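> One file is attached below, model-v2.txt, containing compact mmCIF, C-alpha atoms.
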```txt
# COMPACT_ATOMS: atom_id res chain seq x y z
CA MET A 1 5.23 15.80 20.49
CA LYS A 2 1.52 15.89 19.72
CA GLU A 3 2.40 15.24 16.06
CA PHE A 4 4.14 12.04 17.11
CA ARG A 5 1.12 10.84 19.09
CA PHE A 6 -1.06 11.71 16.12
CA ALA A 7 1.19 9.71 13.78
CA ILE A 8 1.10 6.65 16.05
CA LYS A 9 -2.68 6.87 16.38
CA ASN A 10 -3.17 7.00 12.63
CA THR A 11 -0.75 4.20 11.79
CA ILE A 12 -1.81 1.55 14.33
CA PRO A 13 -3.60 -0.55 11.68
CA ILE A 14 -0.39 -0.48 9.62
CA PHE A 15 1.63 -1.62 12.62
CA PHE A 16 -0.13 -5.01 12.70
CA THR A 17 0.10 -5.55 8.96
CA TYR A 18 3.75 -4.59 8.72
CA LEU A 19 4.73 -6.57 11.76
CA PHE A 20 3.14 -9.73 10.38
CA ILE A 21 4.33 -9.45 6.80
CA GLY A 22 7.76 -8.27 8.00
CA ILE A 23 8.07 -11.34 10.22
CA ALA A 24 7.03 -13.57 7.30
CA PHE A 25 9.78 -11.98 5.20
CA GLY A 26 12.39 -12.35 7.97
CA ILE A 27 11.57 -16.05 8.38
CA LEU A 28 11.78 -16.59 4.62
CA MET A 29 15.18 -14.88 4.52
CA SER A 30 16.67 -16.80 7.44
CA ASP A 31 15.35 -20.11 6.04
CA ALA A 32 17.10 -19.25 2.78
CA GLY A 33 20.33 -18.72 4.72
CA TYR A 34 20.48 -14.92 4.67
CA GLY A 35 21.35 -13.19 7.92
CA VAL A 36 19.64 -10.60 10.07
CA LEU A 37 21.68 -7.80 8.55
CA LEU A 38 20.49 -8.52 5.01
CA SER A 39 16.84 -8.76 6.11
CA THR A 40 17.07 -5.49 7.97
CA ALA A 41 18.90 -3.77 5.11
CA SER A 42 16.22 -4.95 2.65
CA ALA A 43 13.51 -3.56 4.90
CA PHE A 44 15.30 -0.26 5.33
CA PHE A 45 16.30 0.37 1.73
CA ILE A 46 13.65 -1.41 -0.35
CA PHE A 47 10.59 -1.02 1.91
CA ALA A 48 8.22 -2.83 -0.46
CA GLY A 49 6.50 -5.89 0.97
CA SER A 50 5.42 -7.96 -2.00
CA MET A 51 8.64 -7.40 -3.93
CA GLN A 52 10.76 -8.39 -0.92
CA LEU A 53 8.80 -11.62 -0.58
CA VAL A 54 9.27 -12.40 -4.28
CA MET A 55 12.95 -11.48 -4.12
CA VAL A 56 13.89 -14.30 -1.68
CA PRO A 57 13.14 -17.35 -3.87
CA MET A 58 14.67 -15.50 -6.84
CA MET A 59 17.86 -14.98 -4.84
CA THR A 60 18.11 -18.62 -3.75
CA SER A 61 17.75 -19.72 -7.36
CA GLY A 62 20.50 -17.26 -8.33
CA ALA A 63 18.38 -15.12 -10.67
CA SER A 64 20.22 -12.47 -12.70
CA LEU A 65 20.21 -8.85 -11.49
CA PHE A 66 18.42 -7.93 -14.70
CA SER A 67 15.50 -10.28 -14.04
CA LEU A 68 15.28 -8.94 -10.48
CA ALA A 69 15.17 -5.38 -11.80
CA LEU A 70 12.45 -6.34 -14.27
CA MET A 71 10.42 -8.08 -11.57
CA SER A 72 10.74 -5.05 -9.26
CA PHE A 73 9.54 -2.85 -12.08
CA PHE A 74 6.39 -4.90 -12.69
CA ILE A 75 5.51 -5.46 -9.06
CA ASN A 76 6.10 -1.87 -7.97
CA ALA A 77 5.01 0.01 -11.11
CA ARG A 78 1.77 0.96 -9.30
CA HIS A 79 3.83 3.35 -7.19
CA ILE A 80 4.18 5.64 -10.22
CA PHE A 81 0.54 6.59 -9.70
CA TYR A 82 0.79 7.35 -6.00
CA GLY A 83 2.98 10.43 -6.26
CA ILE A 84 0.59 12.31 -8.55
CA GLY A 85 -1.63 13.47 -5.69
CA PHE A 86 1.25 14.49 -3.45
CA ILE A 87 3.54 16.51 -5.72
CA GLU A 88 2.47 19.86 -4.26
CA LYS A 89 2.36 18.73 -0.66
CA PHE A 90 5.74 16.97 -0.63
CA ARG A 91 7.47 19.82 -2.49
CA ARG A 92 6.59 22.16 0.35
CA MET A 93 8.22 19.86 2.88
CA GLY A 94 11.81 21.00 2.28
CA TRP A 95 14.47 18.59 3.53
CA ARG A 96 11.83 15.97 4.21
CA TYR A 97 10.83 15.90 0.52
CA PRO A 98 13.14 13.09 -0.71
CA TYR A 99 12.29 10.88 2.26
CA MET A 100 8.55 11.32 1.70
CA VAL A 101 8.91 10.42 -1.98
CA LEU A 102 11.05 7.31 -1.45
CA THR A 103 8.95 5.82 1.34
CA LEU A 104 5.56 6.19 -0.34
CA THR A 105 4.28 2.60 0.03
CA ASP A 106 0.68 1.37 -0.43
CA GLU A 107 0.08 1.72 3.29
CA THR A 108 1.70 5.12 3.85
CA TYR A 109 -0.12 6.35 0.75
CA SER A 110 -3.47 5.22 2.10
CA VAL A 111 -2.85 6.81 5.50
CA LEU A 112 -1.82 10.12 3.91
CA CYS A 113 -4.87 9.98 1.61
CA SER A 114 -7.34 9.48 4.42
CA VAL A 115 -5.86 11.32 7.39
CA ARG A 116 -7.70 14.34 8.82
CA TYR A 117 -5.23 16.60 10.57
CA ASP A 118 -6.36 17.93 13.94
CA GLU A 119 -6.55 21.65 14.54
CA GLY A 120 -3.25 23.22 15.59
CA LEU A 121 -1.13 20.39 14.26
CA ASP A 122 1.97 20.98 12.15
CA GLU A 123 0.71 19.06 9.09
CA ASP A 124 4.05 18.59 7.37
CA ARG A 125 5.61 17.33 10.52
CA ALA A 126 2.72 14.95 11.18
CA ALA A 127 2.90 13.57 7.62
CA PHE A 128 6.66 13.10 7.98
CA LEU A 129 6.22 11.24 11.26
CA ILE A 130 3.55 9.01 9.68
CA ALA A 131 6.05 8.05 6.97
CA ILE A 132 8.78 7.40 9.55
CA THR A 133 6.65 5.32 11.94
CA ASP A 134 5.44 3.12 9.06
CA HIS A 135 9.03 2.64 7.93
CA LEU A 136 10.12 1.74 11.47
CA TYR A 137 7.29 -0.81 11.87
CA TRP A 138 8.45 -2.49 8.69
CA VAL A 139 12.14 -2.57 9.64
CA PHE A 140 11.19 -3.84 13.10
CA GLY A 141 8.97 -6.61 11.68
CA CYS A 142 11.63 -7.83 9.25
CA PHE A 143 14.26 -7.70 12.01
CA ILE A 144 12.15 -9.70 14.48
CA GLY A 145 11.26 -12.24 11.81
CA ALA A 146 14.91 -12.72 10.90
CA CYS A 147 16.04 -13.08 14.55
CA ALA A 148 13.27 -14.99 16.19
CA GLY A 149 10.46 -15.67 13.72
CA ARG A 150 10.67 -19.43 14.17
CA TYR A 151 10.33 -19.22 17.94
CA LEU A 152 7.26 -16.99 18.15
CA PRO A 153 4.74 -18.83 20.33
CA PHE A 154 1.52 -17.61 18.67
CA ASP A 155 -0.07 -18.28 15.31
CA MET A 156 -0.73 -14.94 13.64
CA ARG A 157 -1.97 -16.35 10.34
CA GLY A 158 -4.66 -14.06 8.94
CA ILE A 159 -3.55 -10.86 10.65
CA GLU A 160 -2.45 -9.53 7.26
CA PHE A 161 -6.17 -9.02 6.58
CA SER A 162 -5.83 -5.80 8.61
CA ALA A 163 -4.35 -4.17 5.47
CA THR A 164 -7.39 -5.11 3.39
CA ALA A 165 -9.68 -3.94 6.18
CA PHE A 166 -7.81 -0.64 6.41
CA PHE A 167 -7.99 -0.02 2.65
CA LEU A 168 -11.71 -0.81 2.73
CA VAL A 169 -12.26 1.66 5.57
CA VAL A 170 -10.42 4.33 3.57
CA VAL A 171 -12.64 3.69 0.54
CA ILE A 172 -15.80 3.94 2.66
CA ASN A 173 -14.64 7.22 4.15
CA GLN A 174 -13.77 8.57 0.70
CA TRP A 175 -17.17 7.46 -0.60
CA ARG A 176 -18.75 9.81 1.95
CA GLN A 177 -16.33 12.58 1.15
CA TYR A 178 -16.59 12.61 -2.67
CA ARG A 179 -19.77 13.90 -4.24
CA SER A 180 -19.03 12.19 -7.56
CA LYS A 181 -18.97 8.39 -7.36
CA LEU A 182 -17.46 8.05 -10.84
CA PRO A 183 -13.85 7.53 -9.63
CA PHE A 184 -14.95 4.55 -7.51
CA LEU A 185 -17.17 3.04 -10.20
CA THR A 186 -14.56 3.51 -12.93
CA ALA A 187 -11.95 1.79 -10.74
CA ALA A 188 -14.22 -1.09 -9.79
CA VAL A 189 -15.33 -1.73 -13.39
CA CYS A 190 -11.74 -1.55 -14.73
CA ALA A 191 -10.35 -3.78 -11.98
CA LEU A 192 -13.04 -6.46 -12.28
CA GLY A 193 -12.93 -6.34 -16.08
CA PHE A 194 -9.16 -6.78 -16.29
CA TYR A 195 -9.21 -9.35 -13.51
CA LEU A 196 -11.60 -11.53 -15.51
CA LEU A 197 -9.73 -10.85 -18.74
CA LEU A 198 -6.09 -11.19 -17.66
CA GLY A 199 -6.20 -13.06 -14.37
CA LYS A 200 -4.97 -12.19 -10.88
CA ASP A 201 -1.28 -11.79 -11.73
CA TYR A 202 -1.53 -9.30 -14.57
CA PHE A 203 -4.59 -7.13 -14.04
CA LEU A 204 -3.17 -4.42 -11.78
CA ILE A 205 -1.14 -2.23 -14.15
CA PRO A 206 -3.60 -2.27 -17.09
CA THR A 207 -6.31 -1.37 -14.56
CA LEU A 208 -4.41 1.64 -13.23
CA VAL A 209 -3.51 2.90 -16.71
CA THR A 210 -7.10 2.54 -17.97
CA CYS A 211 -8.44 4.26 -14.84
CA LEU A 212 -6.13 7.19 -15.38
CA VAL A 213 -7.18 7.58 -19.02
CA ALA A 214 -10.88 7.10 -18.21
CA LEU A 215 -10.74 9.70 -15.42
CA VAL A 216 -9.16 12.22 -17.81
CA PHE A 217 -12.13 11.71 -20.14
CA LEU A 218 -14.62 11.93 -17.27
CA ARG A 219 -13.21 15.21 -16.01
CA LYS A 220 -16.23 17.34 -16.97
CA PRO A 221 -18.95 15.35 -15.17
CA ILE A 222 -16.73 14.70 -12.15
CA GLU A 223 -15.66 18.32 -11.71
CA GLN A 224 -19.22 19.56 -12.13
CA LYS A 225 -20.36 17.36 -9.26
CA GLU A 226 -17.35 18.11 -7.06
CA ASP A 227 -17.55 21.88 -7.57
CA HIS A 228 -21.18 21.84 -6.52
CA ALA A 229 -20.06 20.12 -3.34
CA ASP A 230 -17.83 23.08 -2.47
CA GLU A 231 -20.59 25.68 -2.78
CA MET B 1 29.25 -13.32 -8.87
CA ASN B 2 30.88 -13.42 -5.44
CA GLU B 3 28.58 -15.17 -2.99
CA ALA B 4 28.69 -12.47 -0.33
CA LEU B 5 28.31 -9.69 -2.85
CA TYR B 6 25.31 -11.13 -4.73
CA PRO B 7 22.60 -10.51 -2.07
CA MET B 8 23.87 -6.98 -1.52
CA ALA B 9 23.78 -6.31 -5.24
CA VAL B 10 20.23 -7.69 -5.39
CA ILE B 11 19.08 -5.41 -2.56
CA ALA B 12 20.71 -2.42 -4.26
CA VAL B 13 19.08 -3.15 -7.63
CA VAL B 14 15.60 -3.77 -6.20
CA ALA B 15 15.87 -0.64 -4.03
CA ILE B 16 16.97 1.56 -6.92
CA VAL B 17 14.18 0.36 -9.23
CA THR B 18 11.59 0.86 -6.46
CA TRP B 19 12.90 4.34 -5.61
CA THR B 20 12.90 5.36 -9.27
CA LEU B 21 9.26 4.31 -9.63
CA ARG B 22 8.26 6.21 -6.51
CA ALA B 23 10.15 9.31 -7.62
CA PHE B 24 8.91 9.20 -11.22
CA PRO B 25 5.97 11.67 -11.04
CA PHE B 26 8.08 14.04 -8.93
CA MET B 27 10.96 13.95 -11.41
CA LEU B 28 8.55 14.39 -14.32
CA PHE B 29 7.23 17.70 -13.03
CA GLY B 30 10.40 18.98 -11.36
CA ASN B 31 9.70 22.32 -9.77
CA ARG B 32 7.40 23.63 -12.46
CA PRO B 33 3.88 24.70 -11.55
CA LEU B 34 1.51 21.78 -12.04
CA PRO B 35 -0.87 21.76 -14.99
CA MET B 36 -4.58 21.83 -14.08
CA ALA B 37 -5.02 18.32 -15.47
CA ILE B 38 -2.52 16.97 -12.93
CA LEU B 39 -4.12 18.83 -10.05
CA TYR B 40 -7.41 17.29 -11.10
CA LEU B 41 -5.88 13.80 -11.29
CA GLY B 42 -4.28 14.29 -7.89
CA LYS B 43 -7.75 14.82 -6.53
CA VAL B 44 -9.63 11.99 -8.25
CA LEU B 45 -6.96 9.28 -8.40
CA PRO B 46 -6.86 8.51 -4.64
CA PRO B 47 -10.41 7.07 -4.45
CA ALA B 48 -9.83 5.15 -7.69
CA ILE B 49 -6.47 3.75 -6.51
CA MET B 50 -7.83 2.76 -3.10
CA THR B 51 -10.76 0.96 -4.74
CA VAL B 52 -8.31 -0.92 -6.98
CA LEU B 53 -6.13 -1.75 -3.95
CA VAL B 54 -9.03 -3.38 -2.11
CA ILE B 55 -9.71 -5.59 -5.12
CA TYR B 56 -5.98 -6.25 -5.49
CA CYS B 57 -5.79 -7.43 -1.87
CA LEU B 58 -8.57 -9.93 -2.58
CA ARG B 59 -7.05 -11.25 -5.83
CA ASP B 60 -6.02 -14.61 -4.36
CA VAL B 61 -9.52 -15.47 -3.16
CA SER B 62 -10.95 -18.46 -5.00
CA PHE B 63 -14.71 -18.42 -5.39
CA SER B 64 -14.83 -21.74 -7.22
CA GLN B 65 -13.39 -24.00 -4.52
CA LEU B 66 -13.67 -24.38 -0.76
CA PRO B 67 -14.09 -22.20 1.23
CA TYR B 68 -15.49 -20.15 -1.72
CA GLY B 69 -14.12 -16.89 -0.35
CA VAL B 70 -16.47 -17.03 2.63
CA PRO B 71 -13.92 -15.71 5.20
CA GLU B 72 -13.06 -12.74 2.98
CA ILE B 73 -16.68 -11.93 2.09
CA VAL B 74 -17.92 -12.14 5.67
CA ALA B 75 -14.96 -10.21 7.11
CA CYS B 76 -15.23 -7.46 4.47
CA ALA B 77 -18.97 -7.19 5.07
CA ALA B 78 -18.31 -6.87 8.81
CA VAL B 79 -15.71 -4.12 8.23
CA ALA B 80 -18.02 -2.22 5.87
CA ALA B 81 -21.08 -2.53 8.12
CA LEU B 82 -19.19 -1.42 11.23
CA GLN B 83 -17.55 1.48 9.44
CA ILE B 84 -20.87 2.68 8.00
CA ILE B 85 -22.75 2.38 11.29
CA ARG B 86 -20.16 3.20 13.97
CA ARG B 87 -17.59 5.20 11.94
CA ASN B 88 -14.78 4.02 14.19
CA MET B 89 -11.79 2.97 12.10
CA TYR B 90 -10.09 0.97 14.86
CA LEU B 91 -13.22 -0.94 15.77
CA SER B 92 -13.89 -1.81 12.10
CA ILE B 93 -10.36 -3.00 11.41
CA ILE B 94 -9.83 -4.94 14.64
CA ALA B 95 -13.24 -6.63 14.58
CA GLY B 96 -12.92 -7.44 10.86
CA THR B 97 -9.43 -8.90 11.26
CA ILE B 98 -10.35 -11.02 14.28
CA CYS B 99 -13.42 -12.23 12.41
CA TYR B 100 -11.19 -13.19 9.46
CA MET B 101 -8.62 -14.94 11.66
CA ILE B 102 -11.34 -17.05 13.27
CA LEU B 103 -13.05 -17.84 9.97
CA ILE B 104 -9.92 -19.11 8.19
CA ARG B 105 -9.44 -21.56 11.06
CA ILE B 106 -12.96 -22.96 11.18
CA VAL B 107 -14.38 -22.73 7.64
```
Could I get this structure in the form of C-alpha cells?

Amino acid sequence: MKEFRFAIKNTIPIFFTYLFIGIAFGILMSDAGYGVLLSTASAFFIFAGSMQLVMVPMMTSGASLFSLALMSFFINARHIFYGIGFIEKFRRMGWRYPYMVLTLTDETYSVLCSVRYDEGLDEDRAAFLIAITDHLYWVFGCFIGACAGRYLPFDMRGIEFSATAFFLVVVINQWRQYRSKLPFLTAAVCALGFYLLLGKDYFLIPTLVTCLVALVFLRKPIEQKEDHADE
Amino acid sequence: MNEALYPMAVIAVVAIVTWTLRAFPFMLFGNRPLPMAILYLGKVLPPAIMTVLVIYCLRDVSFSQLPYGVPEIVACAAVAALQIIRRNMYLSIIAGTICYMILIRIV
C-alpha cells in the first residue's frame, strides 16, 4: 500500500481545490433544483470543473444539447494537448489505460507531469492511484456540496487559489529541471500576446495551438540544449 | 424533451465530448510506434502547458480596478519565493493559499 500513501501525499494540494470547487458546483446544482444523484453523476462521468460550472446555468435556461456539446468542446479542447506526453506511458498500463486517458484533468495532468517516483515504487500503480484519488476527491466534493453545501459553517472563499499555487510550483520545479527555457518563454509570450489580443475568454486555445507550432519550429535549439543536459 | 430525461441527456453529452477530447491524441496514434516529433513534443509541451495554465488561472484578475490584482500578485510572489528558497511544495501551496485568503478579505 506504499503506492497508495504516495498517491495521497502527491495529491493533497488537489484535495483542497477539488473539495472547494466541487462544493461550489454541488451548491449551484441544488439551487437550480437538481438532486444529489445528478451532481454526483456529473462529477463521476464528466469530471471537468469549469465545464460543469458552466453547464448548470445552461441547463436551467434549457439550452439545446447541441449548444452544450459545442460549449464542452471549446472549454475542454485544451485536453487534446495533455495526452501527447503520456501516450507511451499510458499504453503500457494495460487495463488501466482507458481510465487514465478519460480522467486526465488539468490537475491530474500536472501531478503526473511533476511527480518524482520514489525508489522501489510500482510506477504504473502509483500513477493509477493518483488518477483515482483525484477523481474521488472531485466526486466527494460535488456530493458534499449537493447534500450540505448551504449548511457548511466556514467561509472557504479563496481556497481555490491552491490550484494556481500548485501549477506555479510545478512550473518552478520544471524551470529547474529543463536546461532550455524556450518552452516556458514561448508559452508566456503566446499566452500574454493572445490574452491582450483576444481577451480572457478566447485566448487559451489559440495560445496552445501557437505554442505547439512554435515548439516544432524551435526543436533544433531546444534539443541541442536538452541533449547537453543529459551528458 | 422530458423533464427528467433532459439533465441526464446533458450529462451524457458533456461527458462524451470531454472523453473524446481526452482520448483524441491516443486514438490518433493507436498502437503504432510514435514518430520522433511526437516524442519530442511529449517532452517539451508539459512546461509550456503548465506555464499557460498558470496564466489561465489568473485570467480573471483585473489590474485596472480595485484591488488591482494585489492579492494574486502578492500570493503568487509568496509561493514562488518559498518554492525557490525552501523547495517544499506543501509549505509553498499552503502558505500562498492562506495568504491569498486573508488578502481577498482585507484588501
> With 7 Å as the cut-off and only C-alpha atoms counted, what is the closest atom pair between each nearby residue of chain B and chain A? Distances in Å to one decimal, ordered by chain and number, as a tab-separated table.

```
residue	atom	partner	partner_atom	distance
B:Val10	CA	A:Leu65	CA	6.2
B:Ile11	CA	A:Ser42	CA	6.0
B:Val13	CA	A:Ala69	CA	6.1
B:Val14	CA	A:Ala69	CA	5.8
B:Ala15	CA	A:Ile46	CA	4.4
B:Val17	CA	A:Phe73	CA	6.3
B:Thr18	CA	A:Asn76	CA	6.3
B:Trp19	CA	A:Leu102	CA	5.4
B:Leu21	CA	A:Ile80	CA	5.3
B:Arg22	CA	A:His79	CA	5.3
B:Ala23	CA	A:Val101	CA	5.9
B:Phe24	CA	A:Ile80	CA	6.0
B:Pro25	CA	A:Gly83	CA	5.8
B:Phe26	CA	A:Ile87	CA	6.1
B:Gly42	CA	A:Gly85	CA	3.5
B:Lys43	CA	A:Gly85	CA	6.3
B:Val44	CA	A:Pro183	CA	6.3
B:Pro46	CA	A:Cys113	CA	6.7
B:Pro47	CA	A:Phe184	CA	6.0
B:Ala48	CA	A:Ala187	CA	5.0
B:Met50	CA	A:Val171	CA	6.1
B:Thr51	CA	A:Ala187	CA	6.2
B:Val52	CA	A:Ala187	CA	5.9
B:Val54	CA	A:Phe167	CA	5.9
B:Cys57	CA	A:Thr164	CA	6.0
B:Arg59	CA	A:Lys200	CA	5.5
B:Cys76	CA	A:Ala165	CA	6.8
B:Val79	CA	A:Ala165	CA	6.4
B:Ala80	CA	A:Val169	CA	7.0
B:Gln83	CA	A:Val169	CA	6.6
B:Met89	CA	A:Val169	CA	6.7
B:Ile93	CA	A:Ala165	CA	5.4
B:Gly96	CA	A:Ala165	CA	6.7
B:Thr97	CA	A:Ser162	CA	5.4
B:Tyr100	CA	A:Gly158	CA	6.6
B:Met101	CA	A:Gly158	CA	4.9
```
> As an exercise, work out the distance from CA of Val36 (chain A) to CA of Asn2 (chain B) in Å and give it to one decimal place.
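It comes out at 19.4 Å.
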> Please provide the set of residues having any atom within 8 Å of Leu53 (chain A), restricted to all atoms listed in the file, with same-chain residues fewer than 4 positions apart removed, written as a PyMOL selection string.
chain A and resi 25+28+49+57
> Which residue out of A:Ala7, A:Leu112, A:Leu121, A:Ile21 has the minimum interatomic distance to Ile144 (chain A) when all atoms listed in the file are used?
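Looking only at the distances to Ile144 (chain A), the closest residue turns out to be A:Ile21.
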> Suppose you want the space between CA of Leu91 (chain B) and CA of Thr17 (chain A); what is it in Å?
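Calculated distance between CA of Leu91 (chain B) and CA of Thr17 (chain A) is 15.7 Å.
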> Using only the atoms of region 184-192 of chain A listed in the file, plus 5 Å on each side, state the axis-aligned box centre and edge lengths in Å rounded to one decimal, as lines of an AutoDock Vina configuration file.

```
center_x = -13.8
center_y = -1.0
center_z = -11.1
size_x = 16.8
size_y = 21.0
size_z = 17.2
```
> What is the distance between CA of Phe20 (chain A) and CA of Cys142 (chain A), in Å to one decimal?
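We find that CA of Phe20 (chain A) and CA of Cys142 (chain A) lie 8.8 Å from each other.
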> Neighbours of Ala148 (chain A) within 9 Å (all atoms listed in the file; same-chain residues fewer than 6 positions away dropped), as a PDB file with C-alpha atoms, keeping the file's coordinate frame?

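What follows is the written file selection_19.pdb:
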```
ATOM      1  CA  ILE A  23       8.070 -11.340  10.220  1.00  0.00           C
ATOM      2  CA  GLY A  26      12.390 -12.350   7.970  1.00  0.00           C
ATOM      3  CA  ILE A  27      11.570 -16.050   8.380  1.00  0.00           C
TER       4      ILE A  27
END
```
> I'd like the neighbourhood of Cys99 (chain B) as a VMD selection string, where a residue qualifies if any of its atoms comes within 9 Å (using only C-alpha atoms), though same-chain residues fewer than 3 positions away should be ignored.
chain B and resid 71 74 to 75 78 94 to 96 102 to 104
> Dump C-alpha atoms for the selected residues as a PDB file, in the frame of the given file?

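The file below, out19.pdb, is the result:
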```pdb
ATOM      1  CA  PRO B  71     -13.920 -15.710   5.200  1.00  0.00           C
ATOM      2  CA  VAL B  74     -17.920 -12.140   5.670  1.00  0.00           C
ATOM      3  CA  ALA B  75     -14.960 -10.210   7.110  1.00  0.00           C
ATOM      4  CA  ALA B  78     -18.310  -6.870   8.810  1.00  0.00           C
ATOM      5  CA  ILE B  94      -9.830  -4.940  14.640  1.00  0.00           C
ATOM      6  CA  ALA B  95     -13.240  -6.630  14.580  1.00  0.00           C
ATOM      7  CA  GLY B  96     -12.920  -7.440  10.860  1.00  0.00           C
ATOM      8  CA  ILE B 102     -11.340 -17.050  13.270  1.00  0.00           C
ATOM      9  CA  LEU B 103     -13.050 -17.840   9.970  1.00  0.00           C
ATOM     10  CA  ILE B 104      -9.920 -19.110   8.190  1.00  0.00           C
TER      11      ILE B 104
END
```
> For Phe143 (chain A), which of A:Leu198, A:Ala131, A:Ile8, A:Met29 is the closest residue, counting all atoms listed in the file?
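Of the candidates, the smallest distance to Phe143 (chain A) is held by A:Met29.
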